[in-house]
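Dumped start14.cif below, it's mmCIF, C-alpha atoms:
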```cif
data_model
loop_
_atom_site.group_PDB
_atom_site.id
_atom_site.type_symbol
_atom_site.label_atom_id
_atom_site.label_comp_id
_atom_site.auth_asym_id
_atom_site.auth_seq_id
_atom_site.Cartn_x
_atom_site.Cartn_y
_atom_site.Cartn_z
ATOM 1 C CA MET A 568 -197.710 -44.753 45.806
ATOM 2 C CA PRO A 569 -196.260 -44.082 42.331
ATOM 3 C CA LYS A 570 -194.069 -46.897 41.137
ATOM 4 C CA LYS A 571 -190.374 -46.442 40.492
ATOM 5 C CA GLN A 572 -189.551 -45.011 37.100
ATOM 6 C CA GLY A 573 -188.360 -47.444 34.457
ATOM 7 C CA SER A 574 -184.620 -47.998 34.719
ATOM 8 C CA ASP A 575 -183.940 -46.050 31.511
ATOM 9 C CA ASN A 576 -186.131 -43.171 32.669
ATOM 10 C CA LEU A 577 -184.461 -42.227 35.943
ATOM 11 C CA PRO A 578 -184.001 -38.440 35.945
ATOM 12 C CA ARG A 579 -180.547 -36.896 36.008
ATOM 13 C CA ILE A 580 -179.567 -33.678 37.742
ATOM 14 C CA ASN A 581 -178.826 -30.517 35.783
ATOM 15 C CA LEU A 582 -175.467 -29.824 37.413
ATOM 16 C CA ASP A 583 -175.110 -26.403 35.783
ATOM 17 C CA ALA A 584 -178.428 -25.283 37.282
ATOM 18 C CA VAL A 585 -177.377 -26.647 40.673
ATOM 19 C CA ASN A 586 -174.100 -24.734 40.541
ATOM 20 C CA GLN A 587 -175.871 -21.512 39.558
ATOM 21 C CA SER A 588 -178.204 -21.813 42.538
ATOM 22 C CA LEU A 589 -175.383 -22.604 44.959
ATOM 23 C CA GLN A 590 -173.284 -19.772 43.535
ATOM 24 C CA ALA A 591 -176.115 -17.351 44.309
ATOM 25 C CA VAL A 592 -176.297 -18.713 47.870
ATOM 26 C CA GLU A 593 -172.545 -18.158 48.199
ATOM 27 C CA THR A 594 -172.868 -14.582 46.933
ATOM 28 C CA HIS A 595 -175.735 -13.766 49.317
ATOM 29 C CA TRP A 596 -174.561 -15.865 52.250
ATOM 30 C CA GLN A 597 -173.821 -12.979 54.600
ATOM 31 C CA ALA A 598 -177.355 -11.632 54.203
ATOM 32 C CA ILE A 599 -178.825 -15.142 54.656
ATOM 33 C CA ASP A 600 -176.745 -15.744 57.787
ATOM 34 C CA ASP A 601 -177.697 -12.321 59.184
ATOM 35 C CA GLU A 602 -181.379 -13.117 58.650
ATOM 36 C CA LEU A 603 -180.973 -16.485 60.381
ATOM 37 C CA ASP A 604 -179.468 -14.627 63.331
ATOM 38 C CA ARG A 605 -182.200 -11.969 63.310
ATOM 39 C CA ARG A 606 -184.888 -14.652 63.446
ATOM 40 C CA LYS A 607 -182.983 -16.416 66.252
ATOM 41 C CA ILE A 608 -182.643 -19.528 64.118
ATOM 42 C CA GLY A 609 -178.894 -19.342 64.628
ATOM 43 C CA ARG A 610 -175.934 -18.606 62.418
ATOM 44 C CA LYS A 611 -174.416 -21.571 60.597
ATOM 45 C CA ASP A 612 -171.142 -22.951 61.921
ATOM 46 C CA THR A 613 -169.856 -23.417 58.368
ATOM 47 C CA PRO A 614 -170.139 -20.369 56.092
ATOM 48 C CA PHE A 615 -171.371 -21.208 52.608
ATOM 49 C CA ASN A 616 -168.239 -20.267 50.670
ATOM 50 C CA ALA A 617 -166.634 -21.319 47.377
ATOM 51 C CA LEU A 618 -165.121 -24.457 48.923
ATOM 52 C CA VAL A 619 -168.460 -25.639 50.344
ATOM 53 C CA ARG A 620 -170.119 -24.934 47.001
ATOM 54 C CA GLU A 621 -167.539 -26.966 45.108
ATOM 55 C CA GLN A 622 -167.839 -29.864 47.559
ATOM 56 C CA MET A 623 -171.622 -29.813 47.133
ATOM 57 C CA ASN A 624 -171.172 -29.816 43.360
ATOM 58 C CA THR A 625 -169.087 -32.996 43.617
ATOM 59 C CA ALA A 626 -171.792 -34.532 45.825
ATOM 60 C CA TYR A 627 -174.520 -33.784 43.280
ATOM 61 C CA ALA A 628 -172.265 -35.177 40.549
ATOM 62 C CA HIS A 629 -171.893 -38.383 42.569
ATOM 63 C CA LEU A 630 -175.653 -38.527 43.011
ATOM 64 C CA ASN A 631 -175.960 -38.338 39.229
ATOM 65 C CA TYR A 632 -173.572 -41.280 38.989
ATOM 66 C CA LEU A 633 -175.785 -43.282 41.368
ATOM 67 C CA LEU A 634 -178.798 -42.526 39.175
ATOM 68 C CA GLU A 635 -176.888 -43.567 36.065
ATOM 69 C CA GLN A 636 -175.967 -46.820 37.811
ATOM 70 C CA LYS A 637 -179.605 -47.240 38.972
ATOM 71 C CA VAL A 638 -178.562 -47.709 42.611
ATOM 72 C CA PRO A 639 -181.681 -47.763 44.841
ATOM 73 C CA PRO A 640 -181.539 -45.736 48.063
ATOM 74 C CA PHE A 641 -181.481 -48.016 51.109
ATOM 75 C CA SER A 642 -180.252 -50.989 49.107
ATOM 76 C CA SER A 643 -177.077 -52.631 50.441
ATOM 77 C CA ASP A 644 -175.033 -50.651 47.906
ATOM 78 C CA GLY A 645 -177.083 -47.519 48.467
ATOM 79 C CA ILE A 646 -176.445 -47.435 52.198
ATOM 80 C CA LEU A 647 -172.688 -47.359 51.683
ATOM 81 C CA GLU A 648 -173.124 -44.600 49.098
ATOM 82 C CA MET A 649 -174.829 -42.424 51.726
ATOM 83 C CA PHE A 650 -171.554 -42.441 53.631
ATOM 84 C CA VAL A 651 -169.754 -41.525 50.400
ATOM 85 C CA LEU A 652 -172.107 -38.550 49.939
ATOM 86 C CA ASN A 653 -171.249 -37.332 53.434
ATOM 87 C CA ASN A 654 -167.554 -37.551 52.558
ATOM 88 C CA ARG A 655 -168.206 -35.560 49.404
ATOM 89 C CA VAL A 656 -169.852 -32.666 51.256
ATOM 90 C CA HIS A 657 -166.788 -32.444 53.523
ATOM 91 C CA TYR A 658 -163.871 -33.281 51.273
ATOM 92 C CA GLY A 659 -165.131 -33.265 47.697
ATOM 93 C CA THR A 660 -162.834 -35.480 45.642
ATOM 94 C CA ASP A 661 -159.647 -34.336 47.413
ATOM 95 C CA THR A 662 -157.990 -37.653 48.320
ATOM 96 C CA ALA A 663 -155.094 -35.913 50.079
ATOM 97 C CA LEU A 664 -157.567 -34.104 52.341
ATOM 98 C CA MET A 665 -159.357 -37.389 53.051
ATOM 99 C CA ARG A 666 -156.066 -39.009 54.055
ATOM 100 C CA GLU A 667 -155.352 -36.066 56.361
ATOM 101 C CA TYR A 668 -158.735 -36.435 58.062
ATOM 102 C CA HIS A 669 -158.875 -40.241 58.057
ATOM 103 C CA THR A 670 -159.453 -40.348 61.840
ATOM 104 C CA ALA A 671 -162.542 -38.138 61.526
ATOM 105 C CA ILE A 672 -163.780 -40.208 58.583
ATOM 106 C CA ASP A 673 -163.355 -43.427 60.561
ATOM 107 C CA ALA A 674 -165.258 -41.957 63.528
ATOM 108 C CA THR A 675 -168.063 -40.839 61.210
ATOM 109 C CA TYR A 676 -168.258 -44.288 59.661
ATOM 110 C CA ASP A 677 -168.533 -45.930 63.107
ATOM 111 C CA LYS A 678 -171.402 -43.609 64.051
ATOM 112 C CA PHE A 679 -173.063 -44.070 60.670
ATOM 113 C CA GLN A 680 -172.985 -47.873 60.947
ATOM 114 C CA ILE A 681 -174.981 -47.681 64.169
ATOM 115 C CA GLN A 682 -177.422 -44.898 63.345
ATOM 116 C CA ILE A 683 -178.336 -46.108 59.864
ATOM 117 C CA VAL A 684 -179.974 -49.252 61.263
ATOM 118 C CA PRO A 685 -183.240 -47.682 62.574
ATOM 119 C CA LEU A 686 -183.494 -45.443 59.509
ATOM 120 C CA ASN A 687 -183.067 -48.417 57.193
ATOM 121 C CA ASP A 688 -185.648 -50.423 59.143
ATOM 122 C CA TRP A 689 -188.106 -47.511 59.050
ATOM 123 C CA TYR A 690 -187.633 -46.978 55.314
ATOM 124 C CA HIS A 691 -188.331 -50.599 54.462
ATOM 125 C CA ARG A 692 -191.389 -50.682 56.711
ATOM 126 C CA HIS A 693 -192.781 -47.616 54.928
ATOM 127 C CA GLU A 694 -191.525 -48.084 51.376
ATOM 128 C CA THR A 695 -195.089 -48.234 50.046
ATOM 129 C CA ASP A 696 -195.674 -44.660 51.289
ATOM 130 C CA HIS A 697 -195.527 -41.730 48.891
ATOM 131 C CA PRO A 698 -191.904 -40.988 47.851
ATOM 132 C CA LEU A 699 -192.102 -37.345 48.948
ATOM 133 C CA LYS A 700 -193.202 -38.459 52.393
ATOM 134 C CA LEU A 701 -190.353 -40.961 52.512
ATOM 135 C CA ALA A 702 -187.818 -38.323 51.484
ATOM 136 C CA ALA A 703 -189.020 -35.700 53.973
ATOM 137 C CA GLU A 704 -189.247 -38.085 56.907
ATOM 138 C CA ILE A 705 -185.868 -39.638 56.195
ATOM 139 C CA TYR A 706 -184.412 -36.123 56.282
ATOM 140 C CA VAL A 707 -186.034 -35.581 59.700
ATOM 141 C CA GLY A 708 -184.569 -38.877 60.886
ATOM 142 C CA ILE A 709 -181.082 -37.978 59.648
ATOM 143 C CA LEU A 710 -181.113 -34.593 61.365
ATOM 144 C CA GLY A 711 -182.835 -35.567 64.624
ATOM 145 C CA PHE A 712 -180.860 -36.795 67.604
ATOM 146 C CA PRO A 713 -178.940 -39.045 67.428
ATOM 147 C CA GLN A 714 -177.882 -37.655 64.068
ATOM 148 C CA LEU A 715 -176.786 -40.001 61.304
ATOM 149 C CA PHE A 716 -173.380 -38.370 60.793
ATOM 150 C CA VAL A 717 -170.949 -36.516 63.027
ATOM 151 C CA GLU A 718 -171.180 -33.411 60.790
ATOM 152 C CA GLY A 719 -172.864 -32.383 57.559
ATOM 153 C CA ASN A 720 -176.318 -33.801 58.328
ATOM 154 C CA HIS A 721 -178.220 -30.875 56.715
ATOM 155 C CA ARG A 722 -176.317 -31.147 53.451
ATOM 156 C CA THR A 723 -176.180 -34.934 53.279
ATOM 157 C CA GLY A 724 -179.789 -35.284 54.402
ATOM 158 C CA ALA A 725 -180.932 -33.036 51.559
ATOM 159 C CA LEU A 726 -178.901 -35.124 49.101
ATOM 160 C CA ILE A 727 -180.354 -38.404 50.355
ATOM 161 C CA GLY A 728 -183.870 -36.962 50.259
ATOM 162 C CA SER A 729 -183.233 -35.803 46.695
ATOM 163 C CA TRP A 730 -181.973 -39.270 45.801
ATOM 164 C CA ILE A 731 -185.274 -40.771 46.963
ATOM 165 C CA ASN A 732 -187.169 -38.130 44.984
ATOM 166 C CA LEU A 733 -185.234 -38.715 41.779
ATOM 167 C CA TYR A 734 -185.348 -42.493 42.032
ATOM 168 C CA PHE A 735 -189.141 -42.249 41.973
ATOM 169 C CA GLY A 736 -189.257 -39.613 39.254
ATOM 170 C CA TYR A 737 -189.573 -36.416 41.309
ATOM 171 C CA PRO A 738 -187.313 -33.332 41.174
ATOM 172 C CA PRO A 739 -184.494 -32.835 43.679
ATOM 173 C CA PHE A 740 -184.128 -30.188 46.348
ATOM 174 C CA VAL A 741 -181.324 -27.660 45.890
ATOM 175 C CA LEU A 742 -180.513 -24.887 48.334
ATOM 176 C CA SER A 743 -181.246 -21.435 46.873
ATOM 177 C CA VAL A 744 -181.459 -17.830 47.974
ATOM 178 C CA ASP A 745 -185.257 -18.137 47.862
ATOM 179 C CA ASN A 746 -185.544 -21.254 50.032
ATOM 180 C CA ALA A 747 -182.557 -20.985 52.405
ATOM 181 C CA ILE A 748 -184.387 -19.399 55.351
ATOM 182 C CA ALA A 749 -187.379 -21.722 54.911
ATOM 183 C CA PHE A 750 -184.966 -24.674 54.837
ATOM 184 C CA PHE A 751 -182.919 -23.803 57.907
ATOM 185 C CA GLU A 752 -185.880 -22.751 60.081
ATOM 186 C CA PRO A 753 -187.619 -26.165 60.409
ATOM 187 C CA SER A 754 -184.237 -27.887 60.223
ATOM 188 C CA SER A 755 -183.025 -26.016 63.296
ATOM 189 C CA GLU A 756 -186.187 -26.985 65.189
ATOM 190 C CA ILE A 757 -185.795 -30.632 64.208
ATOM 191 C CA LYS A 758 -182.175 -30.562 65.355
ATOM 192 C CA ARG A 759 -183.065 -28.951 68.686
ATOM 193 C CA PHE A 760 -186.115 -30.941 69.704
ATOM 194 C CA VAL A 761 -186.126 -34.331 68.031
ATOM 195 C CA ASN A 762 -184.625 -37.124 70.098
ATOM 196 C CA LYS A 763 -184.524 -40.869 69.732
ATOM 197 C CA ALA A 764 -187.922 -41.274 71.364
ATOM 198 C CA THR A 765 -189.639 -38.714 69.152
ATOM 199 C CA TRP A 766 -188.097 -40.257 66.038
ATOM 200 C CA ARG A 767 -190.283 -43.223 66.897
ATOM 201 C CA GLY A 768 -193.397 -41.079 66.657
ATOM 202 C CA GLN A 769 -193.739 -39.453 70.081
ATOM 203 C CA SER A 770 -193.628 -35.895 71.397
ATOM 204 C CA ARG A 771 -192.842 -33.186 68.831
ATOM 205 C CA LEU A 772 -191.865 -35.283 65.824
ATOM 206 C CA PRO A 773 -195.282 -35.472 64.095
ATOM 207 C CA LYS A 774 -195.349 -31.653 63.935
ATOM 208 C CA TYR A 775 -191.919 -31.455 62.324
ATOM 209 C CA ARG A 776 -192.666 -34.291 59.937
ATOM 210 C CA LYS A 777 -195.668 -32.325 58.683
ATOM 211 C CA VAL A 778 -193.861 -28.971 58.546
ATOM 212 C CA PHE A 779 -190.869 -30.369 56.721
ATOM 213 C CA ARG A 780 -192.922 -32.392 54.258
ATOM 214 C CA GLU A 781 -194.828 -29.209 53.350
ATOM 215 C CA PHE A 782 -191.493 -27.452 52.857
ATOM 216 C CA TRP A 783 -190.072 -30.322 50.814
ATOM 217 C CA GLU A 784 -193.026 -30.518 48.456
ATOM 218 C CA ARG A 785 -193.004 -26.744 47.940
ATOM 219 C CA TYR A 786 -189.315 -26.306 47.144
ATOM 220 C CA ILE A 787 -188.325 -29.275 45.011
ATOM 221 C CA ASP A 788 -187.913 -27.920 41.493
ATOM 222 C CA LYS A 789 -187.960 -29.538 38.068
ATOM 223 C CA LYS A 790 -185.529 -26.936 36.725
ATOM 224 C CA TYR A 791 -182.813 -29.063 38.344
ATOM 225 C CA ILE A 792 -183.690 -32.077 36.190
ATOM 226 C CA ALA A 793 -181.494 -32.458 33.102
ATOM 227 C CA THR A 794 -183.064 -32.490 29.669
ATOM 228 C CA LYS A 795 -182.471 -35.451 27.342
ATOM 229 C CA GLU A 796 -179.785 -33.450 25.572
ATOM 230 C CA GLN A 797 -178.027 -32.642 28.853
ATOM 231 C CA LYS A 798 -178.215 -36.276 29.981
ATOM 232 C CA SER A 799 -176.499 -37.449 26.813
ATOM 233 C CA SER A 800 -173.787 -34.788 26.813
#
```
How would this structure read if it were set down as structure tokens?
Amino acid sequence: MPKKQGSDNLPRINLDAVNQSLQAVETHWQAIDDELDRRKIGRKDTPFNALVREQMNTAYAHLNYLLEQKVPPFSSDGILEMFVLNNRVHYGTDTALMREYHTAIDATYDKFQIQIVPLNDWYHRHETDHPLKLAAEIYVGILGFPQLFVEGNHRTGALIGSWINLYFGYPPFVLSVDNAIAFFEPSSEIKRFVNKATWRGQSRLPKYRKVFREFWERYIDKKYIATKEQKSS
């Protein structure tokens, strides 16, 4: 397994490139959602609109902050930051909105505190595996039943997987018009079929681990890594 990058060499995310990709998804969302329906993958409950895009932008910005602070995923600090990332995808930085939905946030935190335990244990048992395998399988674990969060598991799972990638020097995953269908297709299967037993390696999970790792390795993209000039600006 490649070793972690030197502390001063952790990549940063090119937030402008992320926003451009998400803006294209927003523009083409109706066609993407129609194709998901045509393929019987299922329409998304939350349309990808300007608000969702802006919330995702704040989440990627927070991920950049974690990289700047050199916070390892699945460290004691990192685990709490996963919950923060889930808040970001729902509420962005809108503190008034967070106060309004404090009951939902509290319920999510209670669920998260329970469900993070087996994921954390698995990660530390396998932390010598290849980082791309770790990232892909953690995503499967977040999305499979019982899911890590009440809502927003696709979006937060992709962020956490990208965090693992970046911490070990690999590019992040960002949703795009080109990869949206390929992203939601295995994700919907994982969500439908993976249960607590299969998360532990039984039944269908090995298939979806393999399928999603192939997807993950294909669609991470170095164009989302900031240049030295962008990092310093």
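Counting all atoms listed in the file, the residue from A:Lys637, A:Thr675, A:Tyr627, A:Val619 that sits nearest to Ala584 of chain A is A:Tyr627.
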Residues returned when the PyMOL selection byres ((chain A and resi 703-706) around 9) runs on this file, as an MDAnalysis selection string:
chainID A and resid 686 689:690 698:702 707:711 720:721 723:725 727:728 775:777 779:784
Write a file of the selected residues as an mmCIF file, in the frame of the given file, keeping C-alpha atoms.
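Below is the file result_27.cif, written as the result:
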```cif
data_model
loop_
_atom_site.group_PDB
_atom_site.id
_atom_site.type_symbol
_atom_site.label_atom_id
_atom_site.label_comp_id
_atom_site.auth_asym_id
_atom_site.auth_seq_id
_atom_site.Cartn_x
_atom_site.Cartn_y
_atom_site.Cartn_z
ATOM 1 C CA LEU A 686 -183.494 -45.443 59.509
ATOM 2 C CA TRP A 689 -188.106 -47.511 59.050
ATOM 3 C CA TYR A 690 -187.633 -46.978 55.314
ATOM 4 C CA PRO A 698 -191.904 -40.988 47.851
ATOM 5 C CA LEU A 699 -192.102 -37.345 48.948
ATOM 6 C CA LYS A 700 -193.202 -38.459 52.393
ATOM 7 C CA LEU A 701 -190.353 -40.961 52.512
ATOM 8 C CA ALA A 702 -187.818 -38.323 51.484
ATOM 9 C CA VAL A 707 -186.034 -35.581 59.700
ATOM 10 C CA GLY A 708 -184.569 -38.877 60.886
ATOM 11 C CA ILE A 709 -181.082 -37.978 59.648
ATOM 12 C CA LEU A 710 -181.113 -34.593 61.365
ATOM 13 C CA GLY A 711 -182.835 -35.567 64.624
ATOM 14 C CA ASN A 720 -176.318 -33.801 58.328
ATOM 15 C CA HIS A 721 -178.220 -30.875 56.715
ATOM 16 C CA THR A 723 -176.180 -34.934 53.279
ATOM 17 C CA GLY A 724 -179.789 -35.284 54.402
ATOM 18 C CA ALA A 725 -180.932 -33.036 51.559
ATOM 19 C CA ILE A 727 -180.354 -38.404 50.355
ATOM 20 C CA GLY A 728 -183.870 -36.962 50.259
ATOM 21 C CA TYR A 775 -191.919 -31.455 62.324
ATOM 22 C CA ARG A 776 -192.666 -34.291 59.937
ATOM 23 C CA LYS A 777 -195.668 -32.325 58.683
ATOM 24 C CA PHE A 779 -190.869 -30.369 56.721
ATOM 25 C CA ARG A 780 -192.922 -32.392 54.258
ATOM 26 C CA GLU A 781 -194.828 -29.209 53.350
ATOM 27 C CA PHE A 782 -191.493 -27.452 52.857
ATOM 28 C CA TRP A 783 -190.072 -30.322 50.814
ATOM 29 C CA GLU A 784 -193.026 -30.518 48.456
#
```
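Atom to atom, atom CA of Thr670 of chain A and atom CA of Phe650 of chain A stand 14.8 Å apart.
Going from atom CA of Leu634 of chain A over to atom CA of Lys789 of chain A, you cover 15.9 Å.
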Judged by all atoms listed in the file, the minimum distance to His669 of chain A among A:Asp696, A:Asn624, A:His657, A:Pro639 is found for A:His657
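In this model, the gap between atom CA of Pro578 of chain A and atom CA of Ile792 of chain A comes to 6.4 Å.
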Name the residues captured by the PyMOL selection byres ((chain A and resi 589) around 12) when it is applied to the shown file; answer as an mmCIF file with C-alpha atoms, in the coordinates of the input.
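Output file part.cif is given in full below:
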```cif
data_model
loop_
_atom_site.group_PDB
_atom_site.id
_atom_site.type_symbol
_atom_site.label_atom_id
_atom_site.label_comp_id
_atom_site.auth_asym_id
_atom_site.auth_seq_id
_atom_site.Cartn_x
_atom_site.Cartn_y
_atom_site.Cartn_z
ATOM 1 C CA LEU A 582 -175.467 -29.824 37.413
ATOM 2 C CA ASP A 583 -175.110 -26.403 35.783
ATOM 3 C CA ALA A 584 -178.428 -25.283 37.282
ATOM 4 C CA VAL A 585 -177.377 -26.647 40.673
ATOM 5 C CA ASN A 586 -174.100 -24.734 40.541
ATOM 6 C CA GLN A 587 -175.871 -21.512 39.558
ATOM 7 C CA SER A 588 -178.204 -21.813 42.538
ATOM 8 C CA GLN A 590 -173.284 -19.772 43.535
ATOM 9 C CA ALA A 591 -176.115 -17.351 44.309
ATOM 10 C CA VAL A 592 -176.297 -18.713 47.870
ATOM 11 C CA GLU A 593 -172.545 -18.158 48.199
ATOM 12 C CA THR A 594 -172.868 -14.582 46.933
ATOM 13 C CA HIS A 595 -175.735 -13.766 49.317
ATOM 14 C CA TRP A 596 -174.561 -15.865 52.250
ATOM 15 C CA PHE A 615 -171.371 -21.208 52.608
ATOM 16 C CA ASN A 616 -168.239 -20.267 50.670
ATOM 17 C CA ALA A 617 -166.634 -21.319 47.377
ATOM 18 C CA LEU A 618 -165.121 -24.457 48.923
ATOM 19 C CA VAL A 619 -168.460 -25.639 50.344
ATOM 20 C CA ARG A 620 -170.119 -24.934 47.001
ATOM 21 C CA GLU A 621 -167.539 -26.966 45.108
ATOM 22 C CA GLN A 622 -167.839 -29.864 47.559
ATOM 23 C CA MET A 623 -171.622 -29.813 47.133
ATOM 24 C CA ASN A 624 -171.172 -29.816 43.360
ATOM 25 C CA TYR A 627 -174.520 -33.784 43.280
ATOM 26 C CA PHE A 740 -184.128 -30.188 46.348
ATOM 27 C CA VAL A 741 -181.324 -27.660 45.890
ATOM 28 C CA LEU A 742 -180.513 -24.887 48.334
ATOM 29 C CA SER A 743 -181.246 -21.435 46.873
ATOM 30 C CA VAL A 744 -181.459 -17.830 47.974
ATOM 31 C CA ASP A 745 -185.257 -18.137 47.862
ATOM 32 C CA ASN A 746 -185.544 -21.254 50.032
ATOM 33 C CA ALA A 747 -182.557 -20.985 52.405
ATOM 34 C CA TYR A 791 -182.813 -29.063 38.344
#
```
Exercise. May I have the residues within 10 Å of Arg579 of chain A as a PyMOL selection string, using all atoms listed in the file and disregarding those fewer than 3 positions away in the same chain?
Key: chain A and resi 576+582+627-628+630-635+733-734+736+738-739+791-795+797-798
Residues of segment 687-769 of chain A within 10 Å of segment 598-609 of chain A: nearest atom pair and distance (Å, one decimal) for each, counting all atoms listed in the file, sorted by chain and number, as a Markdown table?
```
| residue | atom | partner | partner_atom | distance |
| --- | --- | --- | --- | --- |
| A:Val744 | CA | A:Ile599 | CA | 7.7 |
| A:Asp745 | CA | A:Ile599 | CA | 9.8 |
| A:Ala747 | CA | A:Ile599 | CA | 7.3 |
| A:Ile748 | CA | A:Leu603 | CA | 6.7 |
| A:Ala749 | CA | A:Leu603 | CA | 9.9 |
| A:Phe751 | CA | A:Ile608 | CA | 7.5 |
| A:Glu752 | CA | A:Ile608 | CA | 6.1 |
| A:Pro753 | CA | A:Ile608 | CA | 9.1 |
| A:Ser754 | CA | A:Ile608 | CA | 9.4 |
| A:Ser755 | CA | A:Ile608 | CA | 6.6 |
| A:Glu756 | CA | A:Ile608 | CA | 8.3 |
```
Please determine an axis-aligned box that encloses all atoms of segment 784-795 of chain A listed in the file, with 8 Å added on each side, and express its centre and edge lengths in Å to one decimal as lines of an AutoDock Vina configuration file.
```
center_x = -187.3
center_y = -30.9
center_z = 37.9
size_x = 27.5
size_y = 25.1
size_z = 37.1
```
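Residue nearest Gln682 of chain A within the list A:His697, A:Val651, A:Val638, A:Ile646: A:Ile646 [criterion: smallest interatomic distance, only C-alpha atoms].
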From the list A:Ile683, A:Leu715, A:Ile731, A:Leu726, the nearest residue to Ser643 of chain A using only C-alpha atoms is A:Ile683
field: Selection: 10 Å around Ile672 of chain A, all atoms listed in the file, excl. self and same-chain fewer than 4 positions, as a PyMOL selection string
entry: chain A and resi 650+653-654+657+665-668+676-678+717
